[in-house]
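What follows is protein.txt (compact mmCIF, C-alpha atoms).
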```
# COMPACT_ATOMS: atom_id res chain seq x y z
CA MET A 7 9.94 7.54 26.40
CA GLN A 8 10.08 3.82 27.14
CA TYR A 9 8.41 0.74 25.81
CA GLN A 10 6.71 -1.98 27.77
CA LEU A 11 5.14 -5.21 26.66
CA LEU A 12 1.38 -5.38 27.04
CA ALA A 13 1.94 -8.66 28.90
CA ASP A 14 3.61 -6.57 31.62
CA ARG A 15 0.80 -3.98 31.64
CA PRO A 16 -2.48 -5.91 31.49
CA ASP A 17 -4.17 -2.81 32.93
CA ALA A 18 -3.67 -1.23 29.46
CA ILE A 19 -5.69 -3.91 27.64
CA PRO A 20 -9.01 -1.99 27.73
CA ILE A 21 -7.52 1.21 26.31
CA VAL A 22 -5.56 -0.62 23.60
CA ALA A 23 -8.63 -2.67 22.67
CA GLN A 24 -10.67 0.53 22.41
CA TRP A 25 -8.03 2.11 20.13
CA LEU A 26 -7.87 -0.96 17.88
CA TYR A 27 -11.64 -1.25 17.71
CA GLU A 28 -12.13 2.44 16.88
CA GLU A 29 -9.36 2.54 14.26
CA TRP A 30 -9.81 -0.81 12.48
CA GLY A 31 -12.29 -3.10 14.22
CA ARG A 32 -15.61 -1.30 14.15
CA THR A 33 -16.38 -2.34 10.56
CA ILE A 34 -15.83 -6.04 11.29
CA GLU A 35 -19.20 -7.71 11.65
CA GLY A 36 -19.80 -9.02 15.18
CA ASN A 37 -16.70 -7.36 16.58
CA THR A 38 -16.82 -5.53 19.93
CA VAL A 39 -14.35 -3.85 22.26
CA GLU A 40 -14.85 -6.78 24.65
CA LYS A 41 -13.87 -9.25 21.92
CA ALA A 42 -10.80 -7.14 21.15
CA CYS A 43 -9.87 -7.29 24.87
CA GLU A 44 -10.22 -11.06 24.88
CA ARG A 45 -8.07 -11.45 21.72
CA LEU A 46 -5.34 -9.33 23.30
CA ARG A 47 -5.46 -11.34 26.54
CA GLN A 48 -5.17 -14.62 24.61
CA ARG A 49 -2.24 -13.44 22.47
CA MET A 50 -0.12 -11.62 25.05
CA SER A 51 3.43 -12.86 25.37
CA ARG A 52 6.80 -11.89 26.76
CA ASP A 53 8.97 -14.40 24.93
CA HIS A 54 7.42 -15.35 21.58
CA LEU A 55 5.48 -13.76 18.75
CA PRO A 56 3.13 -12.03 18.58
CA LEU A 57 4.46 -9.24 20.80
CA HIS A 58 2.33 -6.25 21.77
CA ILE A 59 4.39 -3.13 22.48
CA LEU A 60 3.28 -0.05 24.37
CA ALA A 61 4.89 3.39 24.17
CA VAL A 62 4.88 4.79 27.70
CA GLU A 63 5.62 8.37 28.74
CA ASN A 64 5.71 9.17 32.48
CA GLY A 65 3.71 6.02 33.20
CA VAL A 66 0.99 6.89 30.65
CA VAL A 67 0.39 4.61 27.65
CA VAL A 68 0.63 6.88 24.59
CA GLY A 69 0.84 4.39 21.72
CA PHE A 70 0.77 0.78 20.59
CA ALA A 71 2.30 -1.50 17.96
CA ALA A 72 2.56 -5.24 17.39
CA LEU A 73 5.13 -7.63 15.98
CA LYS A 74 2.76 -10.12 14.37
CA LEU A 75 2.66 -13.37 12.47
CA ARG A 76 0.98 -13.69 9.06
CA GLU A 77 -1.16 -10.58 9.00
CA MET A 78 -2.40 -10.84 5.41
CA ASP A 79 -3.58 -14.25 4.22
CA VAL A 80 -2.92 -13.28 0.58
CA TYR A 81 0.80 -13.31 1.47
CA PRO A 82 1.37 -16.75 3.02
CA ASP A 83 5.15 -16.45 2.56
CA ARG A 84 5.34 -13.19 4.51
CA GLU A 85 5.51 -14.44 8.06
CA HIS A 86 6.46 -11.41 10.17
CA TRP A 87 4.56 -8.13 10.23
CA LEU A 88 4.68 -4.79 11.95
CA GLY A 89 1.05 -4.02 12.65
CA SER A 90 -1.50 -2.04 14.61
CA VAL A 91 0.69 1.03 14.95
CA TYR A 92 -1.58 3.47 16.74
CA VAL A 93 -1.08 6.78 18.54
CA PRO A 94 -4.12 8.65 19.91
CA HIS A 95 -4.82 12.04 18.32
CA GLU A 96 -3.79 13.98 21.41
CA HIS A 97 -0.29 12.44 21.30
CA ARG A 98 0.38 12.62 17.57
CA GLY A 99 3.19 14.74 16.16
CA GLN A 100 5.55 13.86 19.02
CA GLY A 101 7.53 11.06 17.34
CA ILE A 102 5.69 8.26 19.14
CA ALA A 103 4.90 6.28 15.97
CA SER A 104 8.56 6.55 14.94
CA PHE A 105 9.59 5.36 18.41
CA LEU A 106 7.27 2.34 18.12
CA ILE A 107 8.48 1.51 14.60
CA GLN A 108 12.12 1.72 15.72
CA THR A 109 11.38 -0.40 18.78
CA VAL A 110 9.78 -3.20 16.74
CA VAL A 111 12.54 -3.06 14.12
CA SER A 112 15.22 -3.32 16.82
CA MET A 113 13.42 -6.17 18.64
CA ALA A 114 12.47 -8.28 15.62
CA PRO A 115 15.91 -9.77 14.83
CA ARG A 116 16.08 -11.21 18.36
CA TYR A 117 13.16 -13.42 17.31
CA GLY A 118 14.85 -14.59 14.11
CA VAL A 119 13.08 -12.05 11.89
CA SER A 120 15.03 -11.07 8.77
CA LEU A 121 12.15 -9.67 6.71
CA LEU A 122 9.42 -7.54 8.23
CA SER A 123 6.30 -6.56 6.28
CA LEU A 124 3.51 -4.08 6.93
CA GLN A 125 0.38 -2.71 5.35
CA THR A 126 -0.70 0.91 5.41
CA GLU A 127 -3.56 2.80 3.85
CA ARG A 128 -1.13 5.59 2.99
CA GLU A 129 -0.37 5.31 -0.71
CA ASP A 130 2.97 7.11 -0.26
CA GLY A 131 4.05 4.88 2.63
CA GLY A 132 3.83 7.73 5.13
CA VAL A 133 6.16 7.55 8.11
CA TYR A 134 7.32 4.06 7.17
CA GLU A 135 9.13 5.15 4.01
CA LYS A 136 11.02 7.71 6.11
CA HIS A 137 12.29 4.80 8.22
CA GLY A 138 13.67 2.67 5.41
CA TRP A 139 10.63 0.64 4.39
CA VAL A 140 10.26 -0.16 0.68
CA GLN A 141 6.93 -0.38 -1.12
CA VAL A 142 6.14 -3.84 -2.52
CA GLU A 143 2.74 -3.25 -4.07
CA ARG A 144 -0.67 -1.67 -3.66
CA VAL A 145 -3.52 -4.16 -3.16
CA HIS A 146 -7.21 -4.21 -2.33
CA TYR A 147 -7.57 -6.22 0.88
CA HIS A 148 -10.77 -6.71 2.90
CA GLY A 149 -12.41 -3.80 1.15
CA VAL A 150 -9.52 -1.37 1.65
CA ASP A 151 -6.71 -0.26 -0.66
CA VAL A 152 -3.40 -0.75 1.16
CA THR A 153 0.27 -0.38 0.38
CA VAL A 154 2.33 -3.42 1.35
CA MET A 155 5.86 -2.54 2.42
CA GLU A 156 8.89 -4.47 3.63
CA ARG A 157 12.14 -3.97 5.44
CA HIS A 158 15.06 -6.38 5.46
CA LEU A 159 16.69 -6.82 8.86
CA LYS A 160 19.98 -8.34 9.94
CA PRO A 161 19.03 -11.50 11.86
CA GLN A 162 20.52 -12.20 15.28
CA PRO A 163 20.63 -15.39 17.30
CA ASN A 164 17.43 -15.88 19.29
CA LYS A 165 18.11 -13.69 22.30
CA ALA A 166 14.51 -12.86 23.12
CA SER A 167 14.48 -10.33 25.91
CA HIS A 168 12.56 -7.19 26.56
CA ALA A 169 14.42 -4.41 28.30
CA THR A 170 12.13 -1.50 28.94
CA SER A 171 14.30 1.19 27.43
CA GLU A 172 14.53 3.13 24.21
CA PRO A 173 15.56 1.23 21.08
CA ALA A 174 19.16 1.35 19.99
CA PRO A 175 19.93 4.68 18.25
CA SER A 176 21.03 2.84 15.09
CA ALA A 177 17.62 1.18 14.73
CA ALA A 178 15.39 2.90 12.23
CA SER A 179 12.46 2.51 10.22
CA SER A 180 -0.49 0.86 10.34
CA SER A 181 -1.71 -1.81 10.02
CA ARG A 182 -4.59 -3.87 11.21
CA GLU A 183 -6.02 -4.79 14.56
CA GLY A 184 -3.93 -6.58 17.21
```

Could you rewrite the structure in this file as structure tokens?
Amino acid sequence: MQYQLLADRPDAIPIVAQWLYEEWGRTIEGNTVEKACERLRQRMSRDHLPLHILAVENGVVVGFAALKLREMDVYPDREHWLGSVYVPHEHRGQGIASFLIQTVVSMAPRYGVSLLSLQTEREDGGVYEKHGWVQVERVHYHGVDVTVMERHLKPQPNKASHATSEPAPSAASSSREG
């Protein structure tokens, strides 16, 4: 499995937008798949945050995650977030979410990130706890109960690059729409 940045695979925007809309965006008043596509197009980047990461197997996009800025407005001091981790049902159970989590965790320090946060509807932290994330608190946010988690990272000098290979083996570790 490899990762690619969405900025390098704009052909994947419609499928990612559909995933995000179906999983988190359909309950947002006035939201559409087309609006999700436009938001992704406007936010795509190769060299600064936010970053949109695709899991790709044999040329097929099989998952998505984002390294975001300020996902939850009730946490203004939490700047960097792992978000929008999504794997379609037909690809679940193959370690793709873990691959995406590890990829974001290994990339984040290159962008000066030393603390990464996330929100998940899983009260037990799900896959994130298995990858070293620590629960901060459970909150009610935009009508949904979520667990906020964090992971401290060792910062690196800003060496933003995006090789399209697997994350470093030592790297370990659902959030909202893109």

(request) Kindly give the distance, in Å, that separates atom CA of Trp30 of chain A and atom CA of Gly118 of chain A, rounded to a single decimal. (result)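 These atoms are spaced 28.3 Å apart.
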
(message) Between atom CA of Ala42 of chain A and atom CA of Tyr27 of chain A, what distance in Å does the model show, to one decimal?
(response)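 These atoms are spaced 6.9 Å apart.
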
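Note that atom CA of Pro94 of chain A and atom CA of Gly132 of chain A are 16.8 Å apart.
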
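Nearest residue to Ser112 of chain A, choosing from A:Val145, A:Leu73, A:Ala23, A:Ala13 and counting only C-alpha atoms: A:Leu73.
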
(message) List as a ChimeraX atom specification the protein and nucleic acid residues near Asp17 of chain A, meaning an atom at most 12 Å away when all atoms listed in the file are counted, but skip any in the same chain fewer than 6 places from it.
(response) /A:11,23,43,46-47,60,65-67

(request) Compile the contact shell of Leu121 of chain A as a list in words: residues with an atom at most 7 Å away, counting only C-alpha atoms, same-chain residues fewer than 5 positions apart removed. (result)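 So, after excluding close chain neighbours, the residues are His86, Glu156, Arg157, His158 and Leu159 of chain A.
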
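Nearest residue to Asn64 of chain A, choosing from A:Val91, A:Met7, A:Val22, A:Val39 and counting all atoms listed in the file: A:Met7.
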
(message) Could you list, as number ranges by chain, every residue within 7 Å of segment 96-105 of chain A, counting all atoms listed in the file and ignoring same-chain residues fewer than 3 positions away?
(response) A: 68-69, 91, 93, 108-109

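Proximity of A:Asp151, A:Arg76, A:Arg45, A:Arg15 to Arg128 of chain A, computed with only C-alpha atoms, is greatest for A:Asp151.
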